[in-house]
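Peer 1: Coordinates in run-v9.txt, compact mmCIF, C-alpha atoms, are listed below.
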# COMPACT_ATOMS: atom_id res chain seq x y z
CA MET A 21 -37.77 -4.82 -19.24
CA ASN A 22 -34.65 -5.42 -17.18
CA ILE A 23 -34.55 -9.03 -18.31
CA LYS A 24 -34.73 -7.88 -21.92
CA ILE A 25 -31.83 -5.51 -21.41
CA PHE A 26 -29.84 -8.22 -19.67
CA GLY A 27 -30.54 -10.68 -22.47
CA LEU A 28 -29.52 -8.16 -25.08
CA SER A 29 -26.28 -7.43 -23.21
CA CYS A 30 -25.46 -11.14 -23.11
CA LEU A 31 -26.09 -11.45 -26.84
CA LEU A 32 -23.87 -8.47 -27.51
CA VAL A 33 -21.01 -9.96 -25.52
CA ILE A 34 -21.27 -13.39 -27.11
CA GLY A 35 -21.88 -11.95 -30.57
CA ILE A 36 -18.45 -10.37 -30.99
CA PRO A 37 -15.91 -13.18 -30.78
CA ALA A 38 -13.71 -11.86 -33.57
CA TYR A 39 -12.96 -8.58 -31.88
CA ALA A 40 -9.52 -7.02 -32.00
CA HIS A 41 -7.73 -6.08 -28.81
CA HIS A 42 -5.89 -3.22 -30.43
CA SER A 43 -5.44 -1.86 -33.93
CA PHE A 44 -2.47 -2.65 -36.15
CA ALA A 45 -1.31 0.97 -36.31
CA MET A 46 1.94 0.21 -34.51
CA PHE A 47 3.04 -2.31 -37.13
CA GLU A 48 4.52 -1.73 -40.58
CA LEU A 49 1.82 -3.69 -42.39
CA THR A 50 3.33 -3.25 -45.86
CA LYS A 51 6.54 -4.99 -44.76
CA ASP A 52 6.68 -8.78 -44.71
CA VAL A 53 9.79 -9.89 -42.86
CA THR A 54 10.83 -13.53 -42.51
CA TYR A 55 12.15 -14.56 -39.10
CA GLU A 56 13.73 -18.00 -39.08
CA GLY A 57 14.93 -19.39 -35.78
CA THR A 58 14.10 -21.26 -32.62
CA VAL A 59 10.93 -20.95 -30.56
CA GLN A 60 11.90 -19.74 -27.09
CA GLU A 61 8.35 -19.59 -25.84
CA TYR A 62 4.92 -20.28 -27.31
CA ARG A 63 2.16 -18.57 -25.37
CA TRP A 64 -1.30 -19.74 -26.40
CA GLU A 65 -3.38 -17.14 -24.57
CA ASN A 66 -5.64 -14.09 -24.70
CA PRO A 67 -5.83 -11.30 -25.61
CA HIS A 68 -2.94 -12.29 -27.90
CA THR A 69 -0.99 -15.40 -28.71
CA HIS A 70 2.78 -14.83 -28.65
CA ILE A 71 5.64 -16.69 -30.26
CA ILE A 72 9.03 -15.66 -28.94
CA VAL A 73 11.55 -16.46 -31.66
CA LYS A 74 15.34 -16.36 -31.38
CA VAL A 75 17.04 -15.73 -34.71
CA ASP A 76 20.73 -16.66 -34.72
CA PRO A 77 23.41 -14.98 -36.86
CA GLY A 78 23.93 -16.53 -40.26
CA VAL A 79 20.41 -16.06 -41.62
CA ALA A 80 19.84 -14.42 -45.01
CA ASP A 81 18.44 -11.21 -43.50
CA SER A 82 20.94 -10.13 -40.86
CA SER A 83 18.61 -7.40 -39.60
CA THR A 84 16.38 -10.12 -38.14
CA VAL A 85 19.06 -11.48 -35.78
CA GLY A 86 17.92 -11.31 -32.16
CA THR A 87 14.95 -12.33 -30.04
CA TRP A 88 11.56 -11.28 -31.36
CA ASP A 89 8.14 -11.15 -29.80
CA ILE A 90 5.77 -12.21 -32.59
CA GLU A 91 2.24 -11.27 -31.63
CA GLY A 92 -0.71 -13.23 -32.99
CA GLY A 93 -4.45 -12.95 -32.45
CA ALA A 94 -6.76 -14.16 -29.71
CA THR A 95 -6.96 -17.96 -29.32
CA ASN A 96 -10.44 -17.92 -30.84
CA ILE A 97 -9.26 -16.18 -34.03
CA MET A 98 -6.14 -18.34 -34.40
CA GLY A 99 -8.09 -21.52 -33.64
CA ARG A 100 -10.21 -20.94 -36.73
CA GLN A 101 -7.06 -20.88 -38.86
CA GLY A 102 -5.94 -24.25 -37.53
CA TRP A 103 -3.73 -23.24 -34.61
CA ASN A 104 -3.88 -24.82 -31.18
CA ARG A 105 -1.98 -24.84 -27.90
CA ALA A 106 0.32 -27.58 -29.20
CA THR A 107 1.21 -26.02 -32.56
CA PHE A 108 4.64 -25.04 -31.24
CA LYS A 109 6.76 -25.73 -28.19
CA ALA A 110 10.02 -24.27 -26.95
CA GLY A 111 12.94 -25.55 -28.99
CA ASP A 112 11.01 -26.01 -32.24
CA HIS A 113 12.48 -24.62 -35.44
CA VAL A 114 10.16 -22.00 -36.91
CA LYS A 115 9.86 -19.82 -40.02
CA VAL A 116 7.59 -16.83 -39.40
CA VAL A 117 6.52 -14.07 -41.76
CA ALA A 118 5.46 -10.99 -39.78
CA HIS A 119 5.02 -7.22 -39.91
CA PRO A 120 7.64 -5.49 -37.74
CA MET A 121 6.94 -2.73 -35.20
CA LYS A 122 7.25 0.78 -36.63
CA ASP A 123 9.32 2.03 -33.69
CA GLY A 124 12.04 -0.55 -34.23
CA THR A 125 11.49 -2.57 -31.03
CA LYS A 126 11.97 -6.28 -31.49
CA GLY A 127 8.30 -7.15 -31.93
CA ALA A 128 6.14 -7.96 -34.93
CA SER A 129 2.58 -8.79 -35.88
CA LEU A 130 2.24 -12.38 -37.07
CA PHE A 131 1.22 -12.84 -40.70
CA TYR A 132 1.81 -16.57 -41.14
CA VAL A 133 4.22 -19.36 -40.30
CA ILE A 134 5.60 -21.82 -42.83
CA LEU A 135 5.48 -25.37 -41.45
CA PRO A 136 8.19 -27.96 -42.30
CA ASP A 137 5.89 -29.52 -44.94
CA GLY A 138 5.53 -26.13 -46.64
CA LYS A 139 1.97 -25.60 -45.42
CA ARG A 140 1.13 -22.16 -44.07
CA LEU A 141 -0.74 -21.30 -40.91
CA TYR A 142 -2.17 -17.80 -41.02
CA HIS A 143 -2.85 -15.32 -38.21
CA ASP A 144 -6.32 -14.51 -39.49
CA ILE A 145 -8.23 -14.28 -42.79
CA ALA A 146 -5.72 -11.87 -44.40
CA ARG A 147 -3.66 -13.41 -47.24
CA PRO A 148 -0.68 -12.06 -49.21
CA LYS A 149 -1.59 -9.76 -52.09
CA GLY A 150 -2.86 -11.69 -55.10
CA GLU A 151 -3.75 -14.78 -53.09
CA GLY A 152 -7.10 -13.32 -52.03
CA SER A 153 -8.52 -14.15 -48.66
CA SER A 154 -10.39 -17.14 -47.40
CA ASN A 155 -11.71 -18.42 -44.12
CA PRO A 156 -11.11 -22.17 -43.94
CA MET B 29 10.63 -6.20 -6.27
CA PRO B 30 8.41 -8.39 -4.08
CA PHE B 31 5.17 -7.14 -5.64
CA LEU B 32 6.35 -7.94 -9.14
CA SER B 33 7.25 -11.49 -8.12
CA TRP B 34 3.86 -11.80 -6.46
CA CYS B 35 2.25 -10.71 -9.76
CA HIS B 36 4.41 -13.30 -11.54
CA TRP B 37 3.09 -15.97 -9.15
CA LEU B 38 -0.51 -14.75 -9.54
CA GLN B 39 -0.37 -14.76 -13.34
CA ASN B 40 0.92 -18.33 -13.32
CA THR B 41 -1.74 -19.78 -11.02
CA PRO B 42 -4.05 -22.28 -12.79
CA PHE B 43 -6.94 -19.86 -12.18
CA ALA B 44 -5.24 -16.99 -14.02
CA ALA B 45 -3.94 -19.21 -16.82
CA GLY B 46 -7.41 -20.73 -17.17
CA ILE B 47 -8.97 -17.32 -17.83
CA ARG B 48 -6.18 -16.31 -20.19
CA GLN B 49 -6.30 -19.49 -22.23
CA SER B 50 -10.06 -19.76 -22.52
CA ASP B 51 -11.57 -18.92 -25.92
CA LEU B 52 -14.80 -17.77 -24.31
CA LEU B 53 -14.03 -16.64 -20.76
CA PHE B 54 -11.51 -13.94 -21.59
CA PRO B 55 -13.58 -12.07 -24.21
CA LEU B 56 -16.68 -12.52 -22.05
CA ILE B 57 -14.98 -10.93 -19.03
CA GLU B 58 -13.41 -8.18 -21.12
CA GLY B 59 -16.72 -7.41 -22.86
CA SER B 60 -18.58 -7.36 -19.54
CA HIS B 61 -15.98 -4.96 -18.16
CA ILE B 62 -16.84 -2.49 -20.93
CA ILE B 63 -20.62 -2.98 -20.66
CA SER B 64 -20.63 -2.49 -16.88
CA LEU B 65 -18.44 0.55 -17.40
CA SER B 66 -21.14 2.14 -19.56
CA LEU B 67 -23.65 1.57 -16.76
CA SER B 68 -21.55 2.89 -13.88
CA VAL B 69 -19.40 5.57 -15.50
CA GLY B 70 -22.16 6.47 -17.95
CA LEU B 71 -24.46 7.41 -15.09
CA ILE B 72 -21.67 9.14 -13.16
CA LEU B 73 -21.02 11.32 -16.22
CA LEU B 74 -24.71 12.20 -16.55
CA PHE B 75 -24.77 13.13 -12.87
CA ASP B 76 -21.70 15.31 -13.37
CA LEU B 77 -23.44 17.02 -16.28
CA ARG B 78 -26.41 17.74 -13.99
CA LEU B 79 -24.10 19.34 -11.43
CA LEU B 80 -22.86 21.57 -14.23
CA ARG B 81 -26.46 22.23 -15.34
CA LEU B 82 -25.68 20.80 -18.78
CA ALA B 83 -28.27 18.01 -18.48
CA PHE B 84 -31.58 17.52 -16.62
CA ALA B 85 -31.37 21.13 -15.43
CA ALA B 86 -35.08 21.12 -14.56
CA GLU B 87 -34.70 18.13 -12.22
CA PRO B 88 -33.42 18.49 -8.64
CA VAL B 89 -29.92 17.02 -8.14
CA SER B 90 -31.23 14.83 -5.31
CA ARG B 91 -33.80 13.23 -7.61
CA ILE B 92 -31.19 12.40 -10.23
CA MET B 93 -28.93 10.95 -7.54
CA GLU B 94 -31.73 8.82 -6.04
CA GLN B 95 -32.44 7.24 -9.40
CA PHE B 96 -28.89 6.87 -10.65
CA VAL B 97 -27.13 5.39 -7.62
CA PRO B 98 -29.11 2.09 -7.48
CA LEU B 99 -28.13 1.44 -11.12
CA SER B 100 -24.63 2.83 -10.98
CA LEU B 101 -23.47 0.88 -7.92
CA PRO B 102 -24.14 -2.64 -9.27
CA GLY B 103 -22.55 -1.52 -12.53
CA PHE B 104 -19.52 -0.38 -10.58
CA ALA B 105 -19.35 -3.67 -8.67
CA ALA B 106 -19.43 -5.62 -11.95
CA MET B 107 -16.81 -3.34 -13.48
CA PHE B 108 -14.56 -3.79 -10.45
CA ALA B 109 -15.00 -7.57 -10.36
CA THR B 110 -14.32 -8.04 -14.07
CA GLY B 111 -11.39 -5.60 -13.90
CA LEU B 112 -9.91 -7.61 -11.05
CA LEU B 113 -10.25 -10.84 -13.07
CA LEU B 114 -8.57 -9.21 -16.07
CA PHE B 115 -5.75 -8.06 -13.81
CA ILE B 116 -5.31 -11.53 -12.29
CA ALA B 117 -5.19 -13.10 -15.76
CA GLN B 118 -2.29 -10.84 -16.83
CA ALA B 119 -0.95 -9.54 -13.53
CA GLU B 120 2.76 -9.50 -14.33
CA LYS B 121 2.34 -7.87 -17.73
CA VAL B 122 -0.27 -5.35 -16.59
CA TYR B 123 1.62 -4.33 -13.45
CA GLN B 124 4.55 -3.28 -15.62
CA ASN B 125 2.31 -1.34 -18.00
CA SER B 126 2.81 2.40 -17.52
CA PHE B 127 -0.68 3.25 -18.82
CA PHE B 128 -2.18 0.89 -16.24
CA ARG B 129 -0.27 2.57 -13.40
CA PHE B 130 -1.45 5.98 -14.54
CA LYS B 131 -5.00 4.63 -14.79
CA LEU B 132 -4.85 3.30 -11.21
CA ALA B 133 -3.58 6.64 -9.92
CA LEU B 134 -6.48 8.41 -11.64
CA LEU B 135 -8.97 5.89 -10.20
CA VAL B 136 -7.71 6.78 -6.72
CA LEU B 137 -8.15 10.45 -7.62
CA ALA B 138 -11.71 9.79 -8.86
CA GLY B 139 -12.43 8.03 -5.56
CA LEU B 140 -11.08 10.91 -3.52
CA ASN B 141 -13.10 13.35 -5.59
CA ALA B 142 -16.29 11.35 -4.97
CA LEU B 143 -15.45 11.11 -1.28
CA LEU B 144 -14.98 14.87 -1.12
CA TYR B 145 -18.42 15.34 -2.67
CA GLN B 146 -20.00 12.93 -0.18
CA VAL B 147 -18.38 14.59 2.83
CA LYS B 148 -18.55 18.24 1.86
CA PHE B 149 -21.58 18.74 -0.40
CA TYR B 150 -23.89 15.75 0.06
CA PRO B 151 -24.88 16.45 3.72
CA LYS B 152 -26.25 19.88 2.76
CA MET B 153 -27.68 18.82 -0.59
CA ALA B 154 -31.32 19.29 0.50
CA GLU B 155 -30.51 22.94 1.28
CA TRP B 156 -28.69 24.00 -1.86
CA ASP B 157 -30.85 21.78 -4.06
CA LYS B 158 -33.93 23.77 -2.99
CA SER B 159 -32.27 27.05 -3.94
CA GLY B 160 -31.55 25.64 -7.40
CA VAL B 161 -27.92 26.78 -7.28
CA VAL B 162 -25.23 24.09 -7.15
CA PRO B 163 -22.27 25.28 -4.99
CA TRP B 164 -19.24 26.06 -7.15
CA GLY B 165 -17.20 23.44 -5.28
CA ALA B 166 -19.70 20.73 -6.20
CA ARG B 167 -19.65 21.93 -9.79
CA LEU B 168 -15.87 21.78 -9.81
CA SER B 169 -16.05 18.24 -8.42
CA GLY B 170 -18.42 17.32 -11.27
CA ALA B 171 -16.13 18.83 -13.89
CA LEU B 172 -13.13 17.07 -12.38
CA SER B 173 -14.98 13.76 -12.41
CA LEU B 174 -15.81 14.20 -16.11
CA VAL B 175 -12.17 14.77 -16.99
CA ILE B 176 -10.78 12.01 -14.75
CA TRP B 177 -13.17 9.33 -16.04
CA ALA B 178 -12.53 10.28 -19.67
CA CYS B 179 -8.80 9.87 -19.01
CA VAL B 180 -9.31 6.56 -17.15
CA ILE B 181 -11.17 5.12 -20.15
CA ALA B 182 -8.60 6.43 -22.63
CA LEU B 183 -5.76 4.94 -20.55
CA GLY B 184 -7.57 1.62 -20.18
CA ARG B 185 -7.85 1.47 -23.96
CA THR B 186 -4.24 2.54 -24.53
CA MET B 187 -2.93 -0.19 -22.19
CA ALA B 188 -3.46 -2.68 -25.01
CA TYR B 189 -0.92 -0.88 -27.16
CA GLU B 190 2.09 -1.87 -25.02
CA LEU B 191 3.15 -5.29 -26.27
Would you put the structure from the file into structure tokens?

Peer 2:
Amino acid sequence: MNIKIFGLSCLLVIGIPAYAHHSFAMFELTKDVTYEGTVQEYRWENPHTHIIVKVDPGVADSSTVGTWDIEGGATNIMGRQGWNRATFKAGDHVKVVAHPMKDGTKGASLFYVILPDGKRLYHDIARPKGEGSSNP
Amino acid sequence: MPFLSWCHWLQNTPFAAGIRQSDLLFPLIEGSHIISLSLSVGLILLFDLRLLRLAFAAEPVSRIMEQFVPLSLPGFAAMFATGLLLFIAQAEKVYQNSFFRFKLALLVLAGLNALLYQVKFYPKMAEWDKSGVVPWGARLSGALSLVIWACVIALGRTMAYEL
């Protein structure tokens, strides 16, 4: 009996890899903002991957100037979309599309990055409206 | 702030980084933290409900306690161990989290409340249990425990919402 319960518990834990650490309520999900700048820090870790991006003055959208904490998903979720610990390093140029925090703090929820060759790397299975969604 | 710099050091040890960067280890520890919580706190809450006569009213308090403690304690040990690992993995960030600090303060309060029960009401439990009437102080302790643990869980969940 106890062994059965233990086994079930183990299955439950292993069976939910694509869990979310918190909801997306704090982000303005209908807003897609482009942040183009330099990677200050790339943290490939759980519960969330973070890309710290410094946007210098002179960009098209002046409201994005500053240092932003772009929050991604867990390494497991991002790994399925093609990310890894070496995707970025400090000093890299980066173009990120993300959903900004509702309260105006300099943070945003990663949507996707546009790589130099034009290819996109997405946060998760969500795709821009009209492009549908897929899980590569 | 010496403690903050210690947390910074702790978070950057290979052990902490290893947990944080593992696809499997981190969700496994976090999931186990929640499952062991249901075992330990779940039983504590049922015991509190018995003190308030809202559950198992026909059973003596001592009988409920005898059966719950052997399950609740290992659950608590697992919850504590996994909680400690989660703290180590993100020490610097978590230490600065205001919800976490509030949660810790409430955990201390829950501990004191349990201690009070053990010292003040447990030694005479055989007596009042026979009469069928739980002393009002023990009932209050049960009610307090219900509220504190509900808040601890809510705060633990809310911690994730500070970037």

Peer 1: Would you mind telling me which residue in A:Ile145, A:Ala106, A:Ala80, A:Met98 lies nearest to Tyr55 in chain A when using all atoms listed in the file?

Peer 2: A:Ala80

Peer 1: Need the shell around Phe149 in chain B: protein/DNA/RNA residues with any atom at most 9 Å away, counting all atoms listed in the file. Skip same-chain ones fewer than 5 positions apart. Format as a list in words?

Peer 2: Leu144, Trp156, Pro163, Gly165 and Ala166 of chain B

Peer 1: Find the smallest box with edges along x, y and z containing every listed atom of range 138-150 of chain B, then add 3 Å on each side and report centre and edge lengths in Å to one decimal, as lines of an AutoDock Vina configuration file.

Peer 2:
center_x = -17.5
center_y = 13.4
center_z = -3.0
size_x = 18.8
size_y = 16.7
size_z = 17.7

Peer 1: As a PyMOL selection string, please: the residues near Thr107 in chain A (cut-off 10 Å, only C-alpha atoms, same-chain neighbours under 2 positions excluded).

Peer 2: chain A and resi 62+64+102-105+109+112+135+141

Peer 1: May I ask you to extract the residues of chain B within 12 Å of chain A, using only C-alpha atoms, and to give them as a ChimeraX atom specification?

Peer 2: /B:39,44-64,66-67,99,114,117-118,121,184-191

Peer 1: Between B:Phe96, B:Phe128, B:Tyr123, B:Phe75, which has the minimum distance to Leu174 in chain B (counting all atoms listed in the file)?

Peer 2: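 Among the listed residues, the smallest separation from Leu174 in chain B belongs to B:Phe75.
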
Peer 1: Any idea what the distance is between CA of Pro77 in chain A and CA of Arg147 in chain A?

Peer 2: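 Interatomic distance here is 29.0 Å.
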
Peer 1: Taking into account all atoms listed in the file, which residue in the set A:Asp52, A:Asp137, A:Asp81, A:Asp144 is nearest to Gly93 in chain A?

Peer 2: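 The closest residue to Gly93 in chain A is A:Asp144.
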
Peer 1: Between CA of Val75 in chain A and CA of Met121 in chain A, what is the spacing in Å?

Peer 2: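 Separating CA of Met121 in chain A from CA of Val75 in chain A is a distance of 16.5 Å.
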
Peer 1: Counting only C-alpha atoms, which residues come within 10 Å of (-13.3, 6.7, -20.3), with the point read in the file's coordinates, and could you list them as an MDAnalysis selection string?

Peer 2: chainID B and resid 62 65:66 69:70 73 174:185

Peer 1: Using all atoms listed in the file, can you tell me which of A:Val133, A:Ala118, A:Val53, A:Val59 comes closest to Ile71 in chain A?

Peer 2: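 The closest residue to Ile71 in chain A is A:Val59.
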
Peer 1: For Lys51 in chain A, which of A:Ala110, A:Val85, A:Leu130, A:Val73 is the closest residue, counting only C-alpha atoms?

Peer 2: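 Looking at the shortest contact to Lys51 in chain A, the residue is A:Leu130.
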
Peer 1: Could you work out how far CA of Thr84 in chain A lies from CA of Phe131 in chain A, giving the answer in Å with one decimal?

Peer 2: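 Separation between CA of Phe131 in chain A and CA of Thr84 in chain A: 15.6 Å.
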
Peer 1: So which residues touch Val97 in chain B within 9 Å, counting all atoms listed in the file, skipping near sequence neighbours fewer than 4 positions away, as a list of chain:residue names?

Peer 2: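 Final neighbour list, sorted by chain and number: B:Ser68, B:Leu71, B:Ile72, B:Ile92, B:Met93, B:Leu101, B:Pro102.
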
Peer 1: Out of B:Val89, B:Phe115, B:Phe130, B:Asn125, which residue has the shortest atom-to-atom distance to Val161 in chain B when counting only C-alpha atoms?

Peer 2: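 Checking each candidate against Val161 in chain B, we get B:Val89 as the closest.
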
Peer 1: Need to verify the contact set: Leu77 in chain B, 9 Å, all atoms listed in the file, exclusion of same-chain residues closer than 6 positions in sequence. Can you return it as a ChimeraX atom specification?

Peer 2: /B:83-85,167,170-171,174

Peer 1: Could you add the missing atoms to range 60-71 of chain A, up to all heavy atoms, and return them as a CSV table (one decimal), keeping the file's coordinate frame?

Peer 2:
chain,number,residue,atom,x,y,z
A,60,GLN,N,11.5,-19.8,-28.5
A,60,GLN,CA,11.9,-19.7,-27.1
A,60,GLN,C,10.7,-20.0,-26.2
A,60,GLN,O,10.8,-20.6,-25.1
A,60,GLN,CB,12.4,-18.3,-26.8
A,60,GLN,CG,13.6,-17.9,-27.6
A,60,GLN,CD,14.9,-18.3,-27.0
A,60,GLN,OE1,15.4,-19.4,-27.3
A,60,GLN,NE2,15.4,-17.5,-26.1
A,61,GLU,N,9.6,-19.5,-26.6
A,61,GLU,CA,8.4,-19.6,-25.8
A,61,GLU,C,7.2,-19.5,-26.8
A,61,GLU,O,7.2,-18.8,-27.8
A,61,GLU,CB,8.3,-18.4,-24.9
A,61,GLU,CG,7.8,-18.7,-23.5
A,61,GLU,CD,7.7,-17.4,-22.7
A,61,GLU,OE1,8.7,-16.6,-22.7
A,61,GLU,OE2,6.7,-17.2,-22.1
A,62,TYR,N,6.2,-20.3,-26.5
A,62,TYR,CA,4.9,-20.3,-27.3
A,62,TYR,C,3.8,-20.1,-26.3
A,62,TYR,O,3.5,-20.9,-25.5
A,62,TYR,CB,4.7,-21.6,-28.1
A,62,TYR,CG,3.4,-21.7,-28.9
A,62,TYR,CD1,3.1,-20.7,-29.9
A,62,TYR,CD2,2.5,-22.7,-28.6
A,62,TYR,CE1,1.9,-20.8,-30.6
A,62,TYR,CE2,1.3,-22.8,-29.4
A,62,TYR,CZ,1.0,-21.8,-30.3
A,62,TYR,OH,-0.1,-21.9,-31.0
A,63,ARG,N,3.2,-18.9,-26.3
A,63,ARG,CA,2.2,-18.6,-25.4
A,63,ARG,C,0.8,-18.6,-26.0
A,63,ARG,O,0.4,-17.6,-26.7
A,63,ARG,CB,2.4,-17.2,-24.7
A,63,ARG,CG,3.7,-17.2,-23.9
A,63,ARG,CD,3.6,-16.1,-22.8
A,63,ARG,NE,3.6,-14.8,-23.3
A,63,ARG,CZ,4.7,-14.0,-23.5
A,63,ARG,NH1,5.9,-14.5,-23.1
A,63,ARG,NH2,4.6,-12.8,-24.0
A,64,TRP,N,0.1,-19.6,-25.8
A,64,TRP,CA,-1.3,-19.7,-26.4
A,64,TRP,C,-2.3,-19.1,-25.4
A,64,TRP,O,-2.7,-19.8,-24.5
A,64,TRP,CB,-1.6,-21.2,-26.6
A,64,TRP,CG,-3.0,-21.5,-27.1
A,64,TRP,CD1,-4.0,-22.1,-26.5
A,64,TRP,CD2,-3.4,-21.3,-28.5
A,64,TRP,NE1,-5.1,-22.2,-27.3
A,64,TRP,CE2,-4.8,-21.7,-28.5
A,64,TRP,CE3,-2.9,-20.7,-29.6
A,64,TRP,CZ2,-5.6,-21.7,-29.7
A,64,TRP,CZ3,-3.7,-20.7,-30.8
A,64,TRP,CH2,-5.0,-21.1,-30.8
A,65,GLU,N,-2.6,-17.8,-25.6
A,65,GLU,CA,-3.4,-17.1,-24.6
A,65,GLU,C,-4.0,-15.9,-25.1
A,65,GLU,O,-3.7,-15.4,-26.2
A,65,GLU,CB,-2.5,-16.8,-23.3
A,65,GLU,CG,-1.4,-15.8,-23.7
A,65,GLU,CD,-0.4,-15.6,-22.6
A,65,GLU,OE1,-0.2,-16.5,-21.8
A,65,GLU,OE2,0.1,-14.5,-22.5
A,66,ASN,N,-5.0,-15.3,-24.3
A,66,ASN,CA,-5.6,-14.1,-24.7
A,66,ASN,C,-5.1,-12.9,-23.9
A,66,ASN,O,-4.5,-13.1,-22.8
A,66,ASN,CB,-7.1,-14.2,-24.4
A,66,ASN,CG,-7.8,-15.2,-25.3
A,66,ASN,OD1,-7.8,-15.0,-26.5
A,66,ASN,ND2,-8.2,-16.3,-24.7
A,67,PRO,N,-5.2,-11.7,-24.4
A,67,PRO,CA,-5.8,-11.3,-25.6
A,67,PRO,C,-5.0,-11.6,-26.9
A,67,PRO,O,-5.6,-11.5,-28.0
A,67,PRO,CB,-6.0,-9.8,-25.4
A,67,PRO,CG,-4.9,-9.4,-24.5
A,67,PRO,CD,-4.7,-10.5,-23.6
A,68,HIS,N,-3.7,-12.0,-26.7
A,68,HIS,CA,-2.9,-12.3,-27.9
A,68,HIS,C,-2.1,-13.5,-27.7
A,68,HIS,O,-1.5,-13.7,-26.6
A,68,HIS,CB,-2.0,-11.1,-28.2
A,68,HIS,CG,-2.6,-9.9,-28.6
A,68,HIS,ND1,-3.0,-9.6,-29.9
A,68,HIS,CD2,-3.0,-8.8,-27.9
A,68,HIS,CE1,-3.6,-8.5,-30.0
A,68,HIS,NE2,-3.6,-7.9,-28.8
A,69,THR,N,-2.0,-14.3,-28.7
A,69,THR,CA,-1.0,-15.4,-28.7
A,69,THR,C,0.4,-14.8,-29.0
A,69,THR,O,0.5,-13.8,-29.8
A,69,THR,CB,-1.4,-16.4,-29.8
A,69,THR,OG1,-2.6,-17.0,-29.4
A,69,THR,CG2,-0.4,-17.5,-29.9
A,70,HIS,N,1.4,-15.3,-28.4
A,70,HIS,CA,2.8,-14.8,-28.6
A,70,HIS,C,3.7,-16.0,-29.0
A,70,HIS,O,3.6,-17.0,-28.4
A,70,HIS,CB,3.3,-14.1,-27.4
A,70,HIS,CG,2.7,-12.8,-27.2
A,70,HIS,ND1,3.2,-11.6,-27.6
A,70,HIS,CD2,1.6,-12.4,-26.5
A,70,HIS,CE1,2.5,-10.6,-27.3
A,70,HIS,NE2,1.4,-11.1,-26.6
A,71,ILE,N,4.6,-15.7,-30.0
A,71,ILE,CA,5.6,-16.7,-30.3
A,71,ILE,C,6.9,-15.9,-30.1
A,71,ILE,O,7.2,-14.9,-30.8
A,71,ILE,CB,5.6,-17.2,-31.7
A,71,ILE,CG1,4.2,-17.7,-32.1
A,71,ILE,CG2,6.6,-18.4,-31.9
A,71,ILE,CD1,4.0,-18.0,-33.6
